[in-house]
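S.K.: What follows is the file input-v7.txt, containing compact mmCIF, C-alpha atoms:
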# COMPACT_ATOMS: atom_id res chain seq x y z
CA MET A 1 151.93 99.03 160.97
CA PHE A 2 151.97 102.82 161.02
CA ALA A 3 153.35 105.18 158.38
CA ARG A 4 154.74 102.75 155.88
CA VAL A 5 153.79 105.09 153.04
CA SER A 6 155.85 108.15 153.74
CA ASN A 7 153.74 111.26 153.38
CA LEU A 8 156.15 112.69 155.92
CA ALA A 9 158.93 112.41 153.37
CA LEU A 10 156.68 114.13 150.84
CA LYS A 11 156.21 117.15 153.10
CA TRP A 12 159.87 117.20 153.93
CA THR A 13 161.11 117.31 150.37
CA GLN A 14 158.45 119.79 149.29
CA ASN A 15 159.31 122.19 152.11
CA GLU A 16 162.95 121.80 151.29
CA LEU A 17 162.25 122.79 147.73
CA LYS A 18 160.13 125.78 148.67
CA ALA A 19 162.98 127.19 150.73
CA ARG A 20 165.27 127.17 147.72
CA THR A 21 163.02 128.91 145.20
CA SER A 22 164.71 131.72 143.30
CA LEU A 23 164.80 133.37 139.90
CA TYR A 24 166.88 132.35 136.93
CA ASP A 25 168.47 135.07 134.81
CA SER A 26 168.61 133.44 131.41
CA VAL A 27 165.63 133.75 129.04
CA ARG A 28 164.38 130.49 127.61
CA THR A 29 161.91 130.11 124.80
CA LEU A 30 160.14 126.96 123.79
CA LYS A 31 157.36 125.96 121.46
CA GLN A 32 153.73 125.10 121.78
CA ILE A 33 151.67 123.58 119.01
CA LYS A 34 148.59 125.65 118.13
CA ILE A 35 145.98 124.73 115.56
CA HIS A 36 144.01 127.44 113.72
CA GLU A 37 141.05 126.28 111.66
CA ASN A 38 139.61 128.29 108.78
CA GLU A 39 136.89 127.34 106.35
CA LYS A 40 139.33 125.94 103.80
CA GLN A 41 142.55 125.27 105.63
CA ILE A 42 143.97 124.10 108.94
CA VAL A 43 147.18 125.78 110.08
CA VAL A 44 149.35 123.87 112.53
CA GLU A 45 151.94 126.16 114.01
CA GLY A 46 154.72 125.94 116.57
CA GLU A 47 154.56 129.22 118.49
CA ARG A 48 157.44 130.39 120.60
CA ILE A 49 156.43 130.96 124.21
CA GLU A 50 158.27 131.81 127.36
CA SER A 51 158.87 128.98 129.76
CA PRO A 52 156.03 128.73 132.34
CA ARG A 53 158.47 127.18 134.79
CA LYS A 54 160.81 130.15 134.79
CA PRO A 55 159.50 131.99 137.91
CA TYR A 56 159.36 128.80 139.97
CA LEU A 57 162.80 127.31 139.34
CA VAL A 58 164.87 126.31 142.36
CA LYS A 59 168.42 127.43 142.77
CA PRO A 60 170.67 124.47 143.56
CA PRO A 61 173.05 124.77 146.52
CA PRO A 62 176.33 126.47 145.69
CA VAL A 63 179.46 124.48 144.88
CA ALA A 64 183.09 125.59 144.78
CA ASP A 65 183.48 125.58 141.00
CA GLU A 66 180.19 126.15 139.19
CA LYS A 67 181.54 125.66 135.69
CA ALA A 68 183.46 122.51 136.47
CA SER A 69 180.58 120.71 138.18
CA LYS A 70 178.81 118.28 135.89
CA ALA A 71 176.19 117.07 138.35
CA CYS A 72 172.54 117.16 137.26
CA PRO A 73 170.10 119.39 139.19
CA LEU A 74 168.50 116.48 141.01
CA CYS A 75 171.89 115.22 142.16
CA ARG A 76 172.85 118.68 143.36
CA LEU A 77 169.62 119.12 145.30
CA ASP A 78 170.28 115.82 147.05
CA LEU A 79 166.70 115.18 148.18
CA LYS A 80 166.37 112.70 150.98
CA ARG A 81 164.19 109.70 150.19
CA LEU A 82 162.51 110.77 146.98
CA ASP A 83 159.53 108.43 146.85
CA TYR A 84 156.70 107.52 144.52
CA THR A 85 154.30 109.62 146.60
CA ASP A 86 156.17 112.83 145.71
CA ILE A 87 154.00 113.31 142.67
CA LEU A 88 154.44 117.08 142.41
CA ILE A 89 158.15 116.46 141.78
CA LEU A 90 157.64 113.46 139.51
CA ARG A 91 155.03 115.33 137.49
CA GLN A 92 157.74 117.66 136.18
CA PHE A 93 159.26 114.80 134.21
CA ILE A 94 156.13 113.57 132.44
CA ASN A 95 154.07 115.06 129.62
CA SER A 96 150.42 115.92 130.02
CA ASP A 97 149.33 112.54 128.61
CA GLY A 98 151.39 110.64 131.19
CA THR A 99 154.35 109.56 129.04
CA LEU A 100 157.82 110.07 130.44
CA MET A 101 160.05 112.77 128.94
CA SER A 102 163.17 111.61 127.15
CA LEU A 103 166.53 111.58 128.89
CA GLN A 104 167.73 114.56 126.85
CA ASP A 105 164.61 116.62 127.55
CA SER A 106 164.58 115.86 131.26
CA GLY A 107 168.08 117.20 131.80
CA LEU A 108 168.95 114.53 134.35
CA CYS A 109 171.89 112.17 134.59
CA GLY A 110 171.29 108.54 133.68
CA ARG A 111 171.16 107.34 137.25
CA LYS A 112 168.57 109.86 138.41
CA TYR A 113 166.57 109.37 135.22
CA LYS A 114 166.35 105.66 135.98
CA LEU A 115 165.22 106.46 139.52
CA VAL A 116 162.56 108.87 138.26
CA GLN A 117 161.42 106.30 135.72
CA THR A 118 160.85 103.61 138.36
CA LEU A 119 159.07 106.04 140.68
CA VAL A 120 156.79 107.28 137.89
CA ASN A 121 155.94 103.70 137.00
CA LYS A 122 155.07 103.01 140.63
CA ALA A 123 152.91 106.13 140.87
CA GLN A 124 151.07 105.17 137.70
CA LYS A 125 150.50 101.67 139.02
CA CYS A 126 148.85 103.20 142.11
CA ARG A 127 146.95 105.68 139.89
CA LEU A 128 148.52 108.73 141.54
CA LEU A 129 149.77 110.03 138.19
CA PRO A 130 147.84 109.85 134.90
CA ARG A 131 148.54 106.65 133.00
CA PRO A 132 149.81 106.99 129.42
CA PRO A 133 147.63 105.91 126.49
CA HIS A 134 147.88 102.18 125.75
CA TYR A 135 148.92 101.51 129.37
CA GLN A 136 148.60 97.78 129.73
CA VAL A 137 145.98 96.76 132.28
CA TYR A 138 146.00 93.01 132.84
CA GLY A 139 142.77 92.77 134.81
CA PRO A 140 140.39 94.47 137.21
CA TRP A 141 142.94 94.16 140.02
CA ASP A 142 145.01 96.89 138.33
CA ASN A 143 142.20 99.41 138.77
CA PHE A 144 141.67 99.01 142.52
CA ASN A 145 143.53 101.05 145.12
CA THR A 146 147.00 99.74 145.85
CA TYR A 147 150.18 100.90 147.55
CA TYR A 148 153.83 99.93 147.85
CA ASP A 149 154.96 99.19 151.38
CA TRP A 150 158.49 99.55 152.59
CA PRO A 151 159.87 97.33 154.02
CA PRO A 152 157.72 94.81 152.10
CA ARG A 153 155.77 92.36 154.23
CA TYR A 154 154.69 88.93 153.12
CA ARG A 155 151.71 87.99 155.27
CA ASP A 156 151.36 84.59 153.65
CA GLN A 157 151.91 83.16 150.22
CA PRO A 158 148.79 81.41 148.96
CA MET A 159 150.35 80.98 145.51
CA ARG A 160 152.60 78.39 147.14
CA VAL A 161 150.01 76.92 149.47
CA ILE A 162 147.20 76.48 146.95
CA ARG A 163 147.70 74.07 144.09
CA PRO A 164 147.75 75.72 140.63
CA GLU A 165 144.67 73.85 139.36
CA TYR A 166 142.55 75.80 141.86
CA TRP A 167 144.01 79.20 140.97
CA LYS A 168 141.46 80.23 138.30
CA MET B 1 123.96 106.23 196.51
CA SER B 2 126.07 103.31 195.77
CA ASN B 3 129.27 102.76 197.62
CA LEU B 4 131.38 102.94 194.45
CA THR B 5 134.00 105.64 194.22
CA LYS B 6 133.74 108.28 191.52
CA PHE B 7 136.60 106.72 189.59
CA ARG B 8 135.12 103.26 189.73
CA ARG B 9 131.69 104.49 188.73
CA THR B 10 133.11 106.25 185.66
CA GLN B 11 134.89 103.07 184.74
CA GLN B 12 131.58 101.24 184.91
CA TRP B 13 129.88 103.81 182.69
CA LEU B 14 132.66 103.69 180.15
CA THR B 15 132.69 99.91 180.13
CA PHE B 16 129.01 99.20 179.74
CA ALA B 17 128.11 102.05 177.40
CA ARG B 18 128.03 100.88 173.79
CA LEU B 19 129.91 103.58 171.92
CA TRP B 20 129.65 104.12 168.17
CA TYR B 21 132.89 104.69 166.29
CA LEU B 22 133.45 105.88 162.74
CA TYR B 23 136.24 104.57 160.52
CA ASP B 24 137.10 105.94 157.09
CA ALA B 25 138.60 103.18 154.94
CA THR B 26 139.86 105.24 152.01
CA TYR B 27 143.32 104.03 150.97
CA GLN B 28 143.59 101.89 154.10
CA ASP B 29 145.02 98.41 154.10
CA VAL B 30 142.27 95.82 154.55
CA PHE B 31 144.00 93.51 157.00
CA ASP B 32 145.70 96.17 159.09
CA SER B 33 142.46 98.09 159.54
CA ALA B 34 140.64 94.84 160.33
CA ILE B 35 142.94 94.33 163.34
CA VAL B 36 142.09 97.79 164.67
CA ILE B 37 138.36 97.49 163.96
CA ALA B 38 138.18 94.11 165.68
CA GLN B 39 139.75 95.54 168.83
CA TYR B 40 137.07 98.22 169.03
CA LEU B 41 134.30 95.74 168.19
CA ARG B 42 135.30 93.44 171.03
CA GLY B 43 135.71 96.36 173.43
CA MET B 44 139.41 95.91 174.06
CA ASN B 45 139.87 99.69 174.33
CA LYS B 46 137.66 99.84 177.43
CA PRO B 47 138.93 100.36 180.97
CA ILE B 48 137.53 97.01 182.04
CA TYR B 49 137.70 94.26 179.46
CA ASP B 50 136.08 90.93 180.17
CA HIS B 51 135.39 88.65 177.26
CA VAL B 52 134.30 85.67 179.33
CA ARG B 53 131.40 86.89 181.47
CA GLN B 54 130.49 90.18 179.79
CA ASP B 55 129.94 91.47 176.30
CA VAL B 56 131.43 94.97 176.38
CA GLY B 57 131.85 95.58 172.65
CA ASN B 58 131.34 98.77 170.67
CA HIS B 59 129.66 99.55 167.38
CA VAL B 60 131.91 100.44 164.44
CA VAL B 61 130.63 102.20 161.34
CA VAL B 62 133.01 101.85 158.39
CA ILE B 63 132.57 104.12 155.37
CA ASN B 64 134.19 104.10 151.92
CA THR B 65 134.92 100.38 151.94
CA SER B 66 134.99 100.35 148.14
CA LYS B 67 138.14 102.52 148.25
CA VAL B 68 140.03 100.11 150.47
CA SER B 69 143.56 99.20 149.38
CA MET B 70 145.95 96.28 149.36
CA PRO B 71 149.66 96.01 148.50
CA VAL B 72 150.44 95.81 144.80
CA ASP B 73 149.08 92.67 143.08
CA GLU B 74 147.60 91.32 146.30
CA TRP B 75 144.14 91.87 144.78
CA LYS B 76 145.18 89.27 142.26
CA TRP B 77 146.68 86.54 144.40
CA ARG B 78 144.68 86.79 147.64
CA MET B 79 142.27 83.84 147.38
CA TYR B 80 139.08 83.07 149.32
CA SER B 81 137.57 79.62 149.52
CA HIS B 82 134.05 78.45 150.14
CA HIS B 83 132.77 74.91 150.68
CA SER B 84 129.12 74.07 150.08
CA ARG B 85 129.47 70.78 152.07
CA TYR B 86 128.63 68.73 149.00
CA GLY B 87 131.19 66.56 147.30
CA GLY B 88 133.41 68.65 145.07
CA GLY B 89 131.71 71.72 146.42
CA GLN B 90 134.81 73.77 147.16
CA THR B 91 135.13 76.95 145.12
CA TRP B 92 137.82 79.62 144.99
CA ALA B 93 137.66 83.30 144.20
CA ALA B 94 140.30 86.03 144.12
CA ALA B 95 139.96 89.19 146.19
CA HIS B 96 139.27 91.40 143.18
CA GLU B 97 136.41 89.13 142.09
CA LEU B 98 134.74 89.38 145.48
CA HIS B 99 135.39 93.11 145.69
CA SER B 100 133.87 93.84 142.29
CA LYS B 101 130.74 91.87 143.25
CA ASP B 102 130.32 93.31 146.74
CA PRO B 103 132.62 96.17 147.85
CA THR B 104 132.13 95.40 151.56
CA ILE B 105 132.77 91.66 151.72
CA VAL B 106 136.58 91.71 151.70
CA LEU B 107 136.71 93.90 154.79
CA TYR B 108 133.91 91.89 156.41
CA LYS B 109 135.84 88.65 156.03
CA ALA B 110 139.04 90.21 157.34
CA VAL B 111 137.26 91.51 160.46
CA TYR B 112 135.47 88.18 160.89
CA LYS B 113 138.82 86.43 161.03
CA GLU B 114 140.28 88.89 163.53
CA VAL B 115 137.24 88.76 165.82
CA GLY B 116 137.40 84.99 165.86
CA SER B 117 140.94 84.90 167.11
CA ALA B 118 139.87 85.37 170.75
CA PRO B 119 141.02 82.59 173.03
CA ARG B 120 137.69 81.59 174.58
CA ALA B 121 133.94 81.65 174.05
CA VAL B 122 134.57 82.62 170.46
CA ASN B 123 131.61 81.01 168.81
CA LEU B 124 129.12 82.47 171.29
CA ILE B 125 130.41 86.04 171.03
CA ARG B 126 131.29 86.19 167.36
CA SER B 127 127.86 86.60 165.79
CA PRO B 128 126.64 89.40 168.12
CA THR B 129 130.01 91.07 167.70
CA MET B 130 129.83 91.00 163.92
CA ALA B 131 126.26 92.32 164.10
CA ARG B 132 127.70 95.50 165.57
CA LEU B 133 129.81 96.14 162.46
CA HIS B 134 128.16 98.45 159.93
CA LEU B 135 129.84 98.57 156.52
CA PHE B 136 129.02 101.10 153.80
CA PRO B 137 130.65 101.15 150.36
CA ASP B 138 130.51 104.96 150.13
CA ALA B 139 130.20 107.94 152.47
CA CYS B 140 126.38 107.76 152.70
CA ILE B 141 125.20 106.69 156.17
CA PRO B 142 121.54 106.35 157.16
CA PRO B 143 120.58 109.17 159.56
CA GLU B 144 119.50 106.83 162.37
CA ILE B 145 123.03 105.37 162.43
CA LYS B 146 124.72 108.72 161.92
CA ALA B 147 122.99 110.16 164.98
CA ASN B 148 124.68 107.61 167.26
CA ILE B 149 128.32 108.21 166.24
CA CYS B 150 130.38 109.78 169.00
CA ASP B 151 134.01 109.27 168.01
CA GLN B 152 136.29 108.16 165.20
CA ILE B 153 139.10 105.63 164.91
CA ARG B 154 142.49 106.80 163.72
CA GLN B 155 143.44 105.56 160.26
CA VAL B 156 146.26 103.04 160.06
CA GLN B 157 148.14 104.73 157.23
CA PRO B 158 148.18 108.15 155.55
CA VAL B 159 145.82 108.68 152.62
CA LEU B 160 147.68 108.94 149.31
CA LYS B 161 146.99 112.06 147.23
CA SER B 162 146.75 111.72 143.50
CA LEU B 163 147.41 114.53 141.04
CA LYS B 164 143.67 115.21 140.75
CA ASP B 165 143.51 116.07 144.45
CA TYR B 166 145.80 119.08 143.96
CA SER B 167 144.48 122.28 142.43
CA GLU B 168 145.96 123.52 139.14
CA GLU B 169 147.45 126.57 140.82
CA GLU B 170 149.11 124.40 143.45
CA VAL B 171 150.70 122.22 140.78
CA GLU B 172 151.78 125.17 138.67
CA LYS B 173 153.36 127.14 141.51
CA PHE B 174 155.23 124.21 143.00
CA PRO B 175 159.03 124.70 142.75
CA LYS B 176 160.47 123.29 139.54
CA ILE B 177 163.76 121.44 139.43
CA VAL B 178 164.63 121.58 135.74
CA ASP B 179 163.58 124.08 133.10
CA TYR B 180 162.42 122.87 129.69
CA PRO B 181 165.21 122.68 127.10
CA GLU B 182 165.22 125.16 124.25
CA ASP B 183 163.05 124.21 121.28
CA TYR B 184 161.06 121.85 123.46
CA VAL B 185 157.48 121.40 122.29
CA VAL B 186 155.13 121.55 125.29
CA LYS B 187 152.68 118.69 125.10
Now, as a test, write the supplied structure out as structure tokens.
M.R.:
Amino acid sequence: MFARVSNLALKWTQNELKARTSLYDSVRTLKQIKIHENEKQIVVEGERIESPRKPYLVKPPPVADEKASKACPLCRLDLKRLDYTDILILRQFINSDGTLMSLQDSGLCGRKYKLVQTLVNKAQKCRLLPRPPHYQVYGPWDNFNTYYDWPPRYRDQPMRVIRPEYWK
Amino acid sequence: MSNLTKFRRTQQWLTFARLWYLYDATYQDVFDSAIVIAQYLRGMNKPIYDHVRQDVGNHVVVINTSKVSMPVDEWKWRMYSHHSRYGGGQTWAAAHELHSKDPTIVLYKAVYKEVGSAPRAVNLIRSPTMARLHLFPDACIPPEIKANICDQIRQVQPVLKSLKDYSEEEVEKFPKIVDYPEDYVVK
């Protein structure tokens, strides 16, 4: 009954990450769209900015041959029990409107990308992360508070007990 | 003075004092928290528990019942029935329909079921027991009830934090796993 939703795992992984924070040497530039409006014209411009993530990047644990290793950063970190409640980690792989980054932009391997995708979907279902525009809500039950329990418990199954003509 | 020992006298005080407990239902499972609330309502946490000859129950004040939670999609398929005792008078409603009409009734029905599962003298004790349950959809409690509260009940599961609950600085300074690729347009 107790601690099915693992906030303990959240603290664990976050502390683990904080211990490994370090600086990266390489300079990375990326773009940000800025819109300037005059009286007659609107200028839409992609300005080059420095990466805001640069001072907070984690250094993955060392391996024997750095150049030969092809593992993605999430595989190398080897976080124990990454869960849908670890929203500060999952947030790094979504845009500000809630859509997931592409596989190429995320820099993950296919397996970890799939894992992140399922966890982000779960977090959006429970409204922990912002839902993307045109997120399909089937009814008012999707807007109430919910959670995923592990291991899943089936208290009873009224869908089987009650005949379909009384379902409404 | 009575001939009770100090220990026995304290037991008596603890048993026959009606204590007021507070329970915060934010992000708590309805049916798990109903089990816990029903135990406190019936007085099963007391040093002497007698459900046959004595009524030793407590008061429980539950706040934020509109923020109560269920497992995914259980709001949809959890059904409640009601019979009006006329022919064809049975009606059915899903949990989300009840909850959107009255944000306290789902928890009330869950506690009602748990209180009624006592082995004996159920029907005599149930209505005074349920009268000691005070449900509020938000955190506002009337002051005459608030003055009585002496303790709180531990929540059955940790409260989930959404992204809005973190400050911007906390989100920004959290360690990042992957840097943006070059020529990435920040959205």
S.K.: May I have the residues within 12 Å of stretch 178-187 of chain B as a short mmCIF file (atom, residue, chain, number, x, y, z; two decimals) with C-alpha atoms, in the frame of the given file, using only C-alpha atoms and disregarding those fewer than 6 positions away in the same chain?
M.R.:
data_model
loop_
_atom_site.label_atom_id
_atom_site.label_comp_id
_atom_site.auth_asym_id
_atom_site.auth_seq_id
_atom_site.Cartn_x
_atom_site.Cartn_y
_atom_site.Cartn_z
CA LEU A 23 164.80 133.37 139.90
CA TYR A 24 166.88 132.35 136.93
CA SER A 26 168.61 133.44 131.41
CA VAL A 27 165.63 133.75 129.04
CA ARG A 28 164.38 130.49 127.61
CA THR A 29 161.91 130.11 124.80
CA LEU A 30 160.14 126.96 123.79
CA LYS A 31 157.36 125.96 121.46
CA GLN A 32 153.73 125.10 121.78
CA ILE A 33 151.67 123.58 119.01
CA LYS A 34 148.59 125.65 118.13
CA GLU A 45 151.94 126.16 114.01
CA GLY A 46 154.72 125.94 116.57
CA GLU A 47 154.56 129.22 118.49
CA ARG A 48 157.44 130.39 120.60
CA ILE A 49 156.43 130.96 124.21
CA GLU A 50 158.27 131.81 127.36
CA SER A 51 158.87 128.98 129.76
CA PRO A 52 156.03 128.73 132.34
CA ARG A 53 158.47 127.18 134.79
CA LYS A 54 160.81 130.15 134.79
CA PRO A 55 159.50 131.99 137.91
CA TYR A 56 159.36 128.80 139.97
CA LEU A 57 162.80 127.31 139.34
CA VAL A 58 164.87 126.31 142.36
CA LYS A 59 168.42 127.43 142.77
CA PRO A 60 170.67 124.47 143.56
CA CYS A 72 172.54 117.16 137.26
CA PRO A 73 170.10 119.39 139.19
CA LEU A 74 168.50 116.48 141.01
CA CYS A 75 171.89 115.22 142.16
CA ARG A 76 172.85 118.68 143.36
CA LEU A 77 169.62 119.12 145.30
CA ILE A 89 158.15 116.46 141.78
CA LEU A 90 157.64 113.46 139.51
CA ARG A 91 155.03 115.33 137.49
CA GLN A 92 157.74 117.66 136.18
CA PHE A 93 159.26 114.80 134.21
CA ILE A 94 156.13 113.57 132.44
CA ASN A 95 154.07 115.06 129.62
CA SER A 96 150.42 115.92 130.02
CA ASP A 97 149.33 112.54 128.61
CA GLY A 98 151.39 110.64 131.19
CA THR A 99 154.35 109.56 129.04
CA LEU A 100 157.82 110.07 130.44
CA MET A 101 160.05 112.77 128.94
CA SER A 102 163.17 111.61 127.15
CA LEU A 103 166.53 111.58 128.89
CA GLN A 104 167.73 114.56 126.85
CA ASP A 105 164.61 116.62 127.55
CA SER A 106 164.58 115.86 131.26
CA GLY A 107 168.08 117.20 131.80
CA LEU A 108 168.95 114.53 134.35
CA CYS A 109 171.89 112.17 134.59
#
S.K.: My list of candidates is A:Pro62, A:Pro140, A:Pro164, A:Pro132. Which is closest to chain B when distances are computed with only C-alpha atoms?
M.R.: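 Residue with the minimum atom-to-atom distance to chain B: A:Pro140.
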S.K.: When you draw a straight line from atom CA of B:Pro103 to atom CA of B:Val156, how long is it in Å?
M.R.: 19.6 Å
S.K.: I'd like the interatomic distance between atom CA of A:Lys122 and atom CA of A:Asp156, to a tenth of an Å.
M.R.: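 Separating atom CA of A:Lys122 from atom CA of A:Asp156 is a distance of 22.9 Å.
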S.K.: Name all residues at most 10 Å from B:Ser100 (count only C-alpha atoms; drop same-chain ones fewer than 3 positions away) and give them as a ChimeraX atom specification.
M.R.: /A:140-141,144 /B:66,95-97,103-105
S.K.: Please determine, counting all atoms listed in the file, which residue among A:Tyr147, A:Tyr113, A:Tyr84, A:Tyr135 has the shortest atom-to-atom distance to chain B.
M.R.: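 Nearest to chain B: A:Tyr147.
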S.K.: Give the answer as one residue: which of A:Leu119, A:Leu88, A:Asn143, A:Arg131 has the shortest atom-to-atom distance to chain B, using only C-alpha atoms?
M.R.: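 Of A:Leu119, A:Leu88, A:Asn143, A:Arg131, the one nearest chain B, counting only C-alpha atoms, is A:Leu88.
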S.K.: Just checking: using all atoms listed in the file, which residue out of B:Gln28, B:Gln155, B:Ser81, B:Gln54 ends up closest to A:Asp149?
M.R.: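 With all atoms listed in the file as the atom set, the closest residue is B:Gln28.
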S.K.: Using all atoms listed in the file, which residue out of B:Gly116, B:Pro158, B:Pro137, B:Gly89 lies closest to chain A?
M.R.: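 Checking each of B:Gly116, B:Pro158, B:Pro137, B:Gly89 against chain A, counting all atoms listed in the file, the winner is B:Pro158.
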S.K.: Measuring atom to atom with all atoms listed in the file, identify which of A:Glu37, A:Glu165, A:Asp78, A:Asp86 is nearest to B:Leu160.
M.R.: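 Using all atoms listed in the file, B:Leu160 sits closest to A:Asp86.
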S.K.: I need stretch 126-139 of chain B written out with N, CA and C atoms, as an mmCIF file, in the first residue's frame; please produce it.
M.R.:
data_model
loop_
_atom_site.group_PDB
_atom_site.id
_atom_site.type_symbol
_atom_site.label_atom_id
_atom_site.label_comp_id
_atom_site.auth_asym_id
_atom_site.auth_seq_id
_atom_site.Cartn_x
_atom_site.Cartn_y
_atom_site.Cartn_z
ATOM 1 N N ARG B 126 -22.901 2.466 12.161
ATOM 2 C CA ARG B 126 -22.433 3.076 10.923
ATOM 3 C C ARG B 126 -22.843 4.544 10.793
ATOM 4 N N SER B 127 -24.087 4.868 11.080
ATOM 5 C CA SER B 127 -24.506 6.255 10.849
ATOM 6 C C SER B 127 -23.846 7.246 11.805
ATOM 7 N N PRO B 128 -23.726 6.941 13.138
ATOM 8 C CA PRO B 128 -22.953 7.873 13.963
ATOM 9 C C PRO B 128 -21.483 7.929 13.595
ATOM 10 N N THR B 129 -20.955 6.824 13.075
ATOM 11 C CA THR B 129 -19.546 6.847 12.656
ATOM 12 C C THR B 129 -19.350 7.754 11.453
ATOM 13 N N MET B 130 -20.253 7.635 10.485
ATOM 14 C CA MET B 130 -20.104 8.459 9.284
ATOM 15 C C MET B 130 -20.382 9.930 9.583
ATOM 16 N N ALA B 131 -21.150 10.190 10.655
ATOM 17 C CA ALA B 131 -21.412 11.587 11.024
ATOM 18 C C ALA B 131 -20.157 12.262 11.542
ATOM 19 N N ARG B 132 -19.167 11.471 11.944
ATOM 20 C CA ARG B 132 -17.920 12.031 12.448
ATOM 21 C C ARG B 132 -16.896 12.283 11.348
ATOM 22 N N LEU B 133 -17.289 12.025 10.100
ATOM 23 C CA LEU B 133 -16.391 12.285 8.969
ATOM 24 C C LEU B 133 -16.745 13.638 8.361
ATOM 25 N N HIS B 134 -15.745 14.519 8.252
ATOM 26 C CA HIS B 134 -15.975 15.862 7.724
ATOM 27 C C HIS B 134 -15.152 16.013 6.455
ATOM 28 N N LEU B 135 -15.825 16.158 5.328
ATOM 29 C CA LEU B 135 -15.142 16.205 4.031
ATOM 30 C C LEU B 135 -15.223 17.621 3.468
ATOM 31 N N PHE B 136 -14.089 18.106 2.967
ATOM 32 C CA PHE B 136 -14.053 19.437 2.364
ATOM 33 C C PHE B 136 -13.334 19.359 1.028
ATOM 34 N N PRO B 137 -13.934 19.917 -0.026
ATOM 35 C CA PRO B 137 -13.305 19.786 -1.360
ATOM 36 C C PRO B 137 -11.998 20.562 -1.504
ATOM 37 N N ASP B 138 -11.794 21.600 -0.684
ATOM 38 C CA ASP B 138 -10.548 22.361 -0.771
ATOM 39 C C ASP B 138 -9.949 22.501 0.623
ATOM 40 N N ALA B 139 -8.981 23.383 0.778
ATOM 41 C CA ALA B 139 -8.265 23.491 2.048
ATOM 42 C C ALA B 139 -8.970 24.392 3.059
#
